[in-house]
Structure formats: structure tokens, C-alpha cells
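Chemist: Below is the file start.txt, with compact mmCIF, C-alpha atoms.
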```
# COMPACT_ATOMS: atom_id res chain seq x y z
CA MET E 251 35.86 -13.45 18.91
CA ASN E 252 35.39 -10.62 16.39
CA ALA E 253 35.83 -13.04 13.52
CA ALA E 254 33.17 -15.34 15.00
CA VAL E 255 30.69 -12.46 15.38
CA PHE E 256 31.44 -11.29 11.84
CA GLY E 257 30.99 -14.81 10.53
CA LEU E 258 27.66 -15.27 12.30
CA THR E 259 26.40 -11.90 11.05
CA ALA E 260 27.45 -12.71 7.48
CA MET E 261 25.76 -16.12 7.71
CA SER E 262 22.52 -14.58 9.07
CA LEU E 263 22.48 -11.99 6.28
CA LEU E 264 23.02 -14.72 3.69
CA LEU E 265 20.20 -16.80 5.14
CA LEU E 266 17.89 -13.77 5.24
CA GLY E 267 18.76 -12.98 1.62
CA ALA E 268 18.02 -16.54 0.59
CA SER E 269 14.64 -16.65 2.34
CA ALA E 270 13.37 -13.29 1.03
CA PRO E 271 11.80 -13.42 -2.45
CA SER E 272 13.80 -11.68 -5.16
CA GLY E 273 12.56 -8.69 -7.16
CA ALA E 274 9.72 -6.38 -6.29
CA VAL E 275 6.00 -6.04 -6.64
CA ASP E 276 3.95 -3.39 -8.45
CA VAL E 277 1.24 -1.99 -6.24
CA HIS E 278 -1.53 0.02 -7.90
CA VAL E 279 -3.96 1.97 -5.73
CA THR E 280 -7.06 3.67 -7.14
CA THR E 281 -9.35 5.64 -4.89
CA VAL E 282 -12.98 6.04 -5.89
CA HIS E 283 -15.79 8.09 -4.43
CA ALA E 284 -19.07 6.18 -4.45
CA SER E 285 -22.43 7.84 -4.05
CA ALA E 286 -26.10 7.06 -4.51
CA HIS E 287 -26.72 9.64 -7.26
CA GLY E 288 -24.81 11.24 -10.09
CA ARG E 289 -22.54 10.20 -12.91
CA SER E 290 -19.74 7.66 -13.07
CA ASP E 291 -16.35 8.29 -14.60
CA ARG E 292 -15.57 6.67 -17.94
CA GLU E 293 -12.37 5.15 -16.58
CA LEU E 294 -14.48 3.15 -14.12
CA LEU E 295 -17.06 1.95 -16.63
CA GLU E 296 -15.36 -1.44 -16.85
CA HIS E 297 -15.55 -1.90 -13.06
CA ARG E 298 -18.98 -0.31 -12.54
CA PRO E 299 -21.12 -3.48 -12.61
CA ARG E 300 -18.82 -5.19 -10.10
CA LEU E 301 -18.66 -2.10 -7.88
CA ARG E 302 -22.45 -1.82 -7.97
CA ARG E 303 -22.89 -5.44 -6.94
CA LEU E 304 -20.31 -5.28 -4.16
CA VAL E 305 -20.60 -1.74 -2.84
CA GLY E 306 -24.23 -1.07 -3.59
CA TYR E 307 -23.91 2.54 -4.80
CA ARG E 308 -24.74 3.78 -8.29
CA ALA E 309 -22.23 6.51 -9.13
CA PHE E 310 -18.45 6.11 -9.03
CA ARG E 311 -15.93 8.89 -9.55
CA MET E 312 -12.17 8.47 -9.52
CA VAL E 313 -10.44 10.51 -6.83
CA GLY E 314 -6.84 9.42 -7.21
CA GLU E 315 -4.54 6.84 -8.69
CA GLU E 316 -1.00 5.84 -7.75
CA ARG E 317 1.34 3.11 -8.90
CA ARG E 318 4.51 2.18 -7.05
CA ARG E 319 7.15 -0.49 -7.29
CA CYS E 320 7.49 -1.82 -3.74
CA THR E 321 10.26 -3.91 -2.33
CA TRP E 322 9.49 -6.95 -0.22
CA GLN E 323 9.11 -6.46 3.52
CA SER E 324 9.18 -2.67 3.32
CA GLY E 325 6.10 -0.60 3.99
CA GLU E 326 4.77 1.93 1.46
CA GLU E 327 2.26 4.56 2.47
CA PHE E 328 -0.30 5.86 -0.01
CA ALA E 329 -2.22 9.01 0.90
CA ILE E 330 -5.97 8.51 0.56
CA PRO E 331 -8.73 11.12 0.83
CA GLY E 332 -9.86 12.26 4.25
CA GLY E 333 -6.29 12.51 5.57
CA ARG E 334 -5.97 8.76 5.90
CA GLN E 335 -3.12 6.52 4.83
CA LEU E 336 -3.08 3.15 3.13
CA ARG E 337 -0.02 1.21 4.26
CA VAL E 338 1.00 -1.79 2.17
CA VAL E 339 3.79 -4.19 3.10
CA PRO E 340 4.47 -6.88 0.46
CA GLN E 341 5.54 -9.97 2.35
CA GLY E 342 6.23 -12.58 -0.29
CA MET E 343 4.76 -14.92 -2.88
CA ARG E 344 2.75 -18.05 -2.16
CA ASP E 345 1.26 -20.26 -4.89
CA GLN E 346 0.99 -17.50 -7.50
CA ALA E 347 -0.46 -15.12 -4.91
CA VAL E 348 1.10 -12.01 -3.40
CA ARG E 349 1.02 -11.89 0.39
CA LEU E 350 0.42 -8.38 1.67
CA ARG E 351 -0.12 -6.68 4.97
CA VAL E 352 -2.58 -3.85 4.41
CA GLN E 353 -3.56 -1.18 6.89
CA ILE E 354 -5.92 1.77 6.57
CA LEU E 355 -4.69 4.29 9.09
CA ASP E 356 -6.63 7.23 10.43
CA GLY E 357 -3.85 8.96 12.37
CA GLU E 358 -2.70 6.46 14.98
CA ARG E 359 -5.88 4.38 14.63
CA ALA E 360 -5.90 1.40 12.29
CA LEU E 361 -9.36 1.22 10.73
CA VAL E 362 -8.25 -2.03 9.12
CA ASP E 363 -5.18 -4.14 9.70
CA THR E 364 -5.14 -7.29 7.61
CA ASP E 365 -2.92 -9.94 6.05
CA VAL E 366 -4.14 -11.04 2.64
CA CYS E 367 -3.01 -13.43 -0.06
CA LEU E 368 -4.06 -11.82 -3.35
CA GLN E 369 -3.81 -13.65 -6.68
CA ASN E 370 -0.93 -12.25 -8.71
CA ARG E 371 -2.32 -9.44 -10.96
CA GLY E 372 -5.58 -9.63 -9.06
CA MET E 373 -7.58 -6.87 -7.42
CA MET E 374 -9.28 -6.49 -4.06
CA LEU E 375 -11.33 -3.67 -2.63
CA PHE E 376 -11.47 -1.78 0.62
CA GLY E 377 -14.32 0.52 1.44
CA VAL E 378 -14.89 3.18 4.04
CA ASP E 379 -18.61 3.69 4.38
CA GLN E 380 -19.77 6.82 6.15
CA VAL E 381 -23.52 6.90 6.16
CA GLU E 382 -25.72 3.93 5.51
CA GLY E 383 -28.83 4.20 3.40
CA ALA E 384 -29.88 5.75 0.12
CA ASP E 385 -28.11 9.08 0.63
CA GLY E 386 -24.85 7.65 1.89
CA GLU E 387 -21.43 7.82 0.33
CA ALA E 388 -18.32 5.74 0.54
CA LEU E 389 -14.67 5.77 -0.35
CA ILE E 390 -13.51 2.72 -2.26
CA ILE E 391 -9.88 1.70 -2.55
CA MET E 392 -9.02 -0.63 -5.42
CA LEU E 393 -5.79 -2.43 -4.66
CA LYS E 394 -3.93 -4.38 -7.35
CA ALA E 395 -0.66 -6.23 -6.92
CA LYS E 396 1.49 -7.58 -9.74
CA ARG E 397 4.71 -9.49 -9.44
CA MET R 39 -43.84 15.27 -13.43
CA SER R 40 -42.42 18.82 -13.45
CA ALA R 41 -39.75 19.80 -16.03
CA LEU R 42 -36.24 18.66 -15.21
CA THR R 43 -33.19 20.88 -15.00
CA CYS R 44 -29.75 20.04 -16.39
CA ALA R 45 -28.59 19.24 -12.84
CA ASP R 46 -31.50 16.78 -12.42
CA VAL R 47 -30.52 15.04 -15.65
CA GLU R 48 -26.85 14.99 -14.62
CA SER R 49 -27.75 13.13 -11.42
CA VAL R 50 -29.67 10.36 -13.20
CA VAL R 51 -27.70 10.06 -16.42
CA ASP R 52 -26.17 6.66 -15.53
CA SER R 53 -29.54 5.22 -14.57
CA PHE R 54 -31.04 6.64 -17.79
CA VAL R 55 -28.42 4.89 -19.94
CA ASP R 56 -28.99 1.66 -18.00
CA ALA R 57 -32.77 2.11 -18.49
CA GLU R 58 -33.28 1.76 -14.76
CA LEU R 59 -35.46 4.83 -14.25
CA PRO R 60 -39.22 4.69 -13.81
CA ARG R 61 -41.05 5.29 -17.09
CA PRO R 62 -42.24 8.86 -16.28
CA THR R 63 -38.69 9.91 -15.33
CA LEU R 64 -37.25 8.29 -18.47
CA LEU R 65 -39.73 10.30 -20.55
CA ALA R 66 -38.97 13.50 -18.63
CA VAL R 67 -35.22 13.07 -19.21
CA ALA R 68 -35.77 12.35 -22.91
CA ARG R 69 -38.07 15.40 -23.17
CA HIS R 70 -35.44 17.60 -21.50
CA ALA R 71 -32.67 16.24 -23.77
CA GLY R 72 -34.84 17.05 -26.79
CA ASN R 73 -34.68 20.73 -25.93
CA CYS R 74 -31.18 20.83 -24.42
CA PRO R 75 -28.27 20.16 -26.82
CA SER R 76 -25.74 19.82 -23.97
CA CYS R 77 -27.68 17.08 -22.09
CA ASP R 78 -28.57 15.42 -25.40
CA ARG R 79 -24.85 15.23 -26.29
CA THR R 80 -23.95 13.82 -22.84
CA LEU R 81 -26.63 11.14 -23.05
CA ARG R 82 -25.63 10.19 -26.58
CA GLU R 83 -21.92 10.00 -25.69
CA LEU R 84 -22.48 7.83 -22.65
CA GLY R 85 -24.94 5.64 -24.52
CA GLU R 86 -22.42 5.16 -27.36
CA LEU R 87 -19.67 4.36 -24.85
CA CYS R 88 -21.82 1.72 -23.17
CA GLU R 89 -22.62 0.30 -26.60
CA VAL R 90 -18.89 0.13 -27.48
CA VAL R 91 -18.12 -1.64 -24.18
CA GLY R 92 -21.01 -4.04 -24.82
CA GLN R 93 -19.85 -4.72 -28.39
CA THR R 94 -16.28 -5.36 -27.22
CA ALA R 95 -17.53 -7.82 -24.61
CA ARG R 96 -19.75 -9.53 -27.21
CA ALA R 97 -16.86 -9.69 -29.70
CA ASP R 98 -14.63 -11.22 -27.00
CA ALA R 99 -17.31 -13.77 -26.21
CA GLU R 100 -17.78 -14.64 -29.90
CA ALA R 101 -14.01 -14.95 -30.37
CA LEU R 102 -13.87 -17.61 -27.71
CA LYS R 103 -13.18 -21.00 -29.23
CA VAL R 104 -15.44 -23.43 -27.43
CA PRO R 105 -15.72 -26.56 -29.57
CA ASP R 106 -16.27 -28.67 -26.45
CA LEU R 107 -19.09 -26.50 -25.12
CA TRP R 108 -22.10 -28.11 -26.84
CA PRO R 109 -20.98 -31.71 -26.28
CA ALA R 110 -20.49 -30.77 -22.61
CA VAL R 111 -23.95 -29.19 -22.48
CA ALA R 112 -25.42 -32.31 -24.09
CA ARG R 113 -23.66 -34.52 -21.53
CA GLY R 114 -25.01 -32.30 -18.73
CA VAL R 115 -28.55 -32.58 -20.10
CA ALA R 116 -28.22 -36.38 -20.38
CA ARG R 117 -26.94 -36.56 -16.78
CA GLU R 118 -29.88 -34.49 -15.56
CA GLU R 119 -32.32 -36.73 -17.46
CA SER R 120 -30.78 -39.82 -15.92
CA ARG R 121 -30.97 -38.25 -12.44
CA ARG R 122 -34.68 -37.52 -12.96
CA LEU R 123 -35.28 -41.10 -14.08
CA TRP R 124 -33.57 -42.44 -10.95
CA LYS R 125 -35.62 -40.15 -8.74
CA HIS R 126 -38.77 -41.51 -10.38
CA ARG R 127 -37.59 -45.12 -9.91
CA LEU R 128 -36.81 -44.45 -6.23
CA ARG R 129 -40.33 -43.12 -5.71
CA VAL R 130 -41.92 -46.29 -7.06
CA VAL R 131 -39.45 -48.82 -5.56
CA PRO R 132 -40.84 -51.08 -2.72
CA ALA R 133 -39.80 -50.28 0.87
CA TRP R 134 -38.12 -53.69 1.48
CA SER R 135 -35.71 -53.21 -1.45
CA MET R 136 -34.86 -49.71 -0.23
CA ALA R 137 -34.01 -51.12 3.23
CA ALA R 138 -31.81 -53.80 1.62
CA ALA R 139 -29.95 -51.18 -0.42
CA ILE R 140 -29.33 -49.02 2.68
CA ALA R 141 -28.04 -52.06 4.58
CA ALA R 142 -25.68 -52.96 1.72
CA ALA R 143 -24.41 -49.39 1.52
CA ALA R 144 -23.79 -49.40 5.30
CA VAL R 145 -21.74 -52.62 5.00
CA LEU R 146 -19.70 -51.20 2.14
CA TRP R 147 -19.14 -47.95 4.05
CA VAL R 148 -17.90 -49.80 7.16
CA ARG R 149 -15.55 -52.02 5.11
CA GLY R 150 -14.17 -49.31 2.88
CA GLY R 151 -13.87 -46.57 5.50
CA ASP R 152 -10.06 -46.57 5.58
CA GLU R 153 -9.57 -44.98 2.17
CA ALA R 154 -9.08 -41.22 2.21
CA PRO R 155 -11.35 -39.30 -0.17
CA THR R 156 -9.66 -37.77 -3.22
CA ARG R 157 -9.60 -34.01 -3.10
CA VAL R 158 -9.75 -31.92 -6.23
CA ALA R 159 -8.09 -28.52 -5.92
CA ALA R 160 -10.31 -25.68 -7.10
CA ARG R 161 -8.77 -23.37 -9.70
CA PRO R 162 -8.16 -19.91 -8.20
CA ARG R 163 -10.27 -17.10 -9.62
CA PRO R 164 -8.46 -14.04 -11.04
CA ASN R 165 -9.18 -11.69 -8.15
CA GLN R 166 -9.30 -14.25 -5.39
CA ALA R 167 -8.00 -12.95 -2.09
CA VAL R 168 -7.59 -15.05 1.04
CA ILE R 169 -7.89 -13.05 4.24
CA GLU R 170 -5.44 -14.59 6.70
CA ARG R 171 -5.96 -12.07 9.50
CA LEU R 172 -8.29 -9.12 9.97
CA ASP R 173 -8.24 -6.63 12.84
CA SER R 174 -10.21 -3.42 13.01
CA THR R 175 -11.17 -0.68 15.40
CA ALA R 176 -14.38 -0.05 13.45
CA ARG R 177 -17.32 -2.18 12.31
CA VAL R 178 -16.14 -4.33 9.41
CA GLU R 179 -18.03 -6.34 6.83
CA LEU R 180 -16.48 -8.81 4.41
CA ARG R 181 -18.15 -9.14 1.00
CA ARG R 182 -17.20 -11.33 -1.94
CA GLU R 183 -18.39 -11.36 -5.52
CA ARG R 184 -18.75 -14.94 -6.75
CA LYS R 185 -18.18 -14.33 -10.45
CA SER R 186 -14.69 -12.83 -10.31
CA GLY R 187 -13.81 -13.72 -6.72
CA THR R 188 -13.33 -10.04 -5.85
CA THR R 189 -13.20 -9.41 -2.11
CA LEU R 190 -14.31 -6.21 -0.42
CA ILE R 191 -13.51 -5.27 3.17
CA MET R 192 -16.03 -2.59 4.08
CA VAL R 193 -15.43 -0.45 7.14
CA ASN R 194 -18.17 1.66 8.65
CA ASP R 195 -16.49 4.73 10.05
CA THR R 196 -18.27 7.92 10.95
CA GLY R 197 -15.06 9.51 12.22
CA GLY R 198 -13.60 11.42 9.31
CA PRO R 199 -14.34 12.98 5.94
CA LEU R 200 -14.24 10.91 2.77
CA ARG R 201 -12.88 13.59 0.45
```
Please, can you express the file's structure as C-alpha cells?
Modeler:
Amino acid sequence: MNAAVFGLTAMSLLLLGASAPSGAVDVHVTTVHASAHGRSDRELLEHRPRLRRLVGYRAFRMVGEERRRCTWQSGEEFAIPGGRQLRVVPQGMRDQAVRLRVQILDGERALVDTDVCLQNRGMMLFGVDQVEGADGEALIIMLKAKR
Amino acid sequence: MSALTCADVESVVDSFVDAELPRPTLLAVARHAGNCPSCDRTLRELGELCEVVGQTARADAEALKVPDLWPAVARGVAREESRRLWKHRLRVVPAWSMAAAIAAAAVLWVRGGDEAPTRVAARPRPNQAVIERLDSTARVELRRERKSGTTLIMVNDTGGPLR
């Protein structure tokens, strides 16, 4: 009986190992403060036109940057301004794209909970907009994933 | 327009470099920079940086080897010309021949309806992201930039601070 249980467990572990993608994924999170007036940081000059088109603000200042090597299926939490957390769970590869579960958590509350397929080495953005209009401001999270 | 302070210039420096300010404000900033070495230096530095980025982009574009570009453009122009010619012919064609053509097309469509259309897979863009699921407790807006395929999920949340 014990041998059978051991055998089944070993088989399950082998199957799990075979189905999970090997290696890890580099996750790069940059947080940016966007506002209607002021200067932009030099580091963001390359992204400024795209940020302006997508986010609609004029000035972009870098607040934080973090790079981590994440293992598949395990959640990594990145602290973002305002006491919130960005939780990223790399789930696997599909057609040269990295599948990720991404959550923006404000305490227990998930502001966003999404599953995305992001092109390998690509970038996507999350934004937390506080006040709409000309005097508003927003927090932008630039998320890059590289296998 | 009243004289600007260094703080005023600081708040519009990006727009000044992009030449997006109204003419009187542009002049006021330039006038201030003429008497303020610190603001003058900032404006010059940022202007030079933008120029360097622009030059790099131009150099990259010039380094691109595109021997097929002009033949492709010429083919596109010829196609457009031909399309215009057909439009003109259709306008002057008699109604009975138009009806005959539609009838023939209908017959062909009915007879050849079994064949599945060929699908051409689009090449993924560098930042393309496919949203498979999206839940939120706040108001969410999905935006996408066509050029690079960059996706933005924007949440409107008045709950907490941003900094």
C-alpha cells in the first residue's frame, strides 16, 4: 500500500515537472509618477511620447525600479507607492509570449486582477488614476517580462 | 504677460523644449532664461538631450536597409491608380451589365461556398499583450497604442495616495 502511494506521488511529481516550463522569467517593474505639469526624468525620455499618447499627462518622473528573477507558478510581490502591492505570478510560455497573472492589491482589495499574455521582452502598462482632468495625477507601472 | 519665476519655468520646461507653449509664454520663458543662467543651462541641456535622441532615431532610420521599399511604394501607387480607374469604369457602366455581373458573382459564390477562406496570421507587435481575463473592484479602462501594441490598463481609484 505504502509503495503504491509512493509510486503515485512520484509519478504525479514527475508529470508536474514535465508540464511546468523550465527556467525562470525576469520581471522588471518601473513605477512612474505622471502629472499634468512639470519636468520629466531623462531616464523616461525614450518612453515619454508613448506615455503621453496612452496616459495623457505631460510630465513623468521615475519613482522606483525593481528587477527580479521569478520562478514559474510562484507569486512575487513588488511594493508600489501608496502602500499598494503589485503581485506577479509567471504562469508559462505560449507562442513566444509570457503568460502572467498580475494583481494590483490595495490591502485585501484587488484593484486589478488579470491574466495576460505578454510578448517575450515586451512591456505593458498599468495605471492608477486619481483625479481626472487637467490637474490630475496618476501612478504608472511599467511591467516588462523576459524569458 | 508678467515675468516668470524659476519655478514657473521649471513647470513648463518640457513643453518649452517640445515647442508646445503659446507664443507669449515661449517668449516669456526665453526672456527669463536670458537673465537666469540656471534656467538657461537646464533648457539647453534638455534641448541638447532631445536633439541627441532625435539624431539617434534618425541615424537608426537611415541605417535601415530598405532596398525593396521604393519598388513596394511604386507597386502600391500603381494598385491605387488601377483601383481609381475601376471606380471610374463602374460609374459609367450600364445598369444591365452591372446586374449581370452581380448575378454571375452570386452563382460563383453559391457554387464555391464550401472552400474555407485562407487566414493569414498577423505578426505580433513587440509589446503586444493579450488580456485573457480582467477583474477589478474599481472603474477600469483598457487602452492600446497601435504603433507599438502597448497595452495600458487604467484604474480610476480615489481610495489611496499615489506617492
Chemist: Sorted by chain and rising residue number, list the residues of chain E at most 8 Å from chain R (counting only C-alpha atoms), each with its closest atom pair and distance in Å to one decimal, as JSON lines.
Modeler:
```
{"residue": "E:His283", "atom": "CA", "partner": "R:Leu200", "partner_atom": "CA", "distance": 7.9}
{"residue": "E:His287", "atom": "CA", "partner": "R:Ser49", "partner_atom": "CA", "distance": 5.5}
{"residue": "E:Gly288", "atom": "CA", "partner": "R:Ser49", "partner_atom": "CA", "distance": 3.7}
{"residue": "E:Arg289", "atom": "CA", "partner": "R:Asp52", "partner_atom": "CA", "distance": 5.7}
{"residue": "E:Ser290", "atom": "CA", "partner": "R:Asp52", "partner_atom": "CA", "distance": 7.0}
{"residue": "E:Glu296", "atom": "CA", "partner": "R:Val91", "partner_atom": "CA", "distance": 7.8}
{"residue": "E:Arg300", "atom": "CA", "partner": "R:Glu183", "partner_atom": "CA", "distance": 7.7}
{"residue": "E:Arg303", "atom": "CA", "partner": "R:Glu183", "partner_atom": "CA", "distance": 7.6}
{"residue": "E:Leu304", "atom": "CA", "partner": "R:Glu183", "partner_atom": "CA", "distance": 6.5}
{"residue": "E:Arg308", "atom": "CA", "partner": "R:Asp52", "partner_atom": "CA", "distance": 7.9}
{"residue": "E:Ala309", "atom": "CA", "partner": "R:Asp52", "partner_atom": "CA", "distance": 7.5}
{"residue": "E:Pro331", "atom": "CA", "partner": "R:Arg201", "partner_atom": "CA", "distance": 4.8}
{"residue": "E:Gly332", "atom": "CA", "partner": "R:Leu200", "partner_atom": "CA", "distance": 4.8}
{"residue": "E:Arg359", "atom": "CA", "partner": "R:Thr175", "partner_atom": "CA", "distance": 7.4}
{"residue": "E:Ala360", "atom": "CA", "partner": "R:Thr175", "partner_atom": "CA", "distance": 6.5}
{"residue": "E:Leu361", "atom": "CA", "partner": "R:Ser174", "partner_atom": "CA", "distance": 5.2}
{"residue": "E:Val362", "atom": "CA", "partner": "R:Ser174", "partner_atom": "CA", "distance": 4.6}
{"residue": "E:Asp363", "atom": "CA", "partner": "R:Asp173", "partner_atom": "CA", "distance": 5.0}
{"residue": "E:Thr364", "atom": "CA", "partner": "R:Leu172", "partner_atom": "CA", "distance": 4.3}
{"residue": "E:Asp365", "atom": "CA", "partner": "R:Arg171", "partner_atom": "CA", "distance": 5.1}
{"residue": "E:Val366", "atom": "CA", "partner": "R:Ile169", "partner_atom": "CA", "distance": 4.5}
{"residue": "E:Cys367", "atom": "CA", "partner": "R:Val168", "partner_atom": "CA", "distance": 5.0}
{"residue": "E:Leu368", "atom": "CA", "partner": "R:Ala167", "partner_atom": "CA", "distance": 4.3}
{"residue": "E:Gln369", "atom": "CA", "partner": "R:Gln166", "partner_atom": "CA", "distance": 5.7}
{"residue": "E:Arg371", "atom": "CA", "partner": "R:Pro164", "partner_atom": "CA", "distance": 7.7}
{"residue": "E:Gly372", "atom": "CA", "partner": "R:Asn165", "partner_atom": "CA", "distance": 4.2}
{"residue": "E:Met373", "atom": "CA", "partner": "R:Asn165", "partner_atom": "CA", "distance": 5.1}
{"residue": "E:Met374", "atom": "CA", "partner": "R:Thr189", "partner_atom": "CA", "distance": 5.3}
{"residue": "E:Leu375", "atom": "CA", "partner": "R:Leu190", "partner_atom": "CA", "distance": 4.5}
{"residue": "E:Phe376", "atom": "CA", "partner": "R:Ile191", "partner_atom": "CA", "distance": 4.8}
{"residue": "E:Gly377", "atom": "CA", "partner": "R:Met192", "partner_atom": "CA", "distance": 4.4}
{"residue": "E:Val378", "atom": "CA", "partner": "R:Val193", "partner_atom": "CA", "distance": 4.8}
{"residue": "E:Asp379", "atom": "CA", "partner": "R:Asn194", "partner_atom": "CA", "distance": 4.7}
{"residue": "E:Gln380", "atom": "CA", "partner": "R:Thr196", "partner_atom": "CA", "distance": 5.1}
{"residue": "E:Val381", "atom": "CA", "partner": "R:Thr196", "partner_atom": "CA", "distance": 7.2}
{"residue": "E:Ala388", "atom": "CA", "partner": "R:Leu200", "partner_atom": "CA", "distance": 7.0}
{"residue": "E:Leu389", "atom": "CA", "partner": "R:Leu200", "partner_atom": "CA", "distance": 6.0}
```
Chemist: Measure the distance from atom CA of Ala329 of chain E to atom CA of Met312 of chain E in Å and round it to one decimal.
Modeler: 14.4 Å
Chemist: If you count all atoms listed in the file, which residues fall within 10 Å of Val275 of chain E, apart from same-chain ones fewer than 2 positions away, as an NGL selection string?
Modeler: :E and (272-273 or 277-278 or 318-322 or 340-343 or 348 or 370-371 or 395-397)
Chemist: Can you work out the spacing between atom CA of Val55 of chain R and atom CA of Gly85 of chain R in Å, to one decimal?
Modeler: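 Value for the atom CA of Val55 of chain R-atom CA of Gly85 of chain R distance: 5.8 Å.
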Chemist: Could you please determine the separation between atom CA of Ala274 of chain E and atom CA of Gln323 of chain E in Å, to one decimal place?
Modeler: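 Atom CA of Gln323 of chain E lies at a distance of 9.8 Å from atom CA of Ala274 of chain E.
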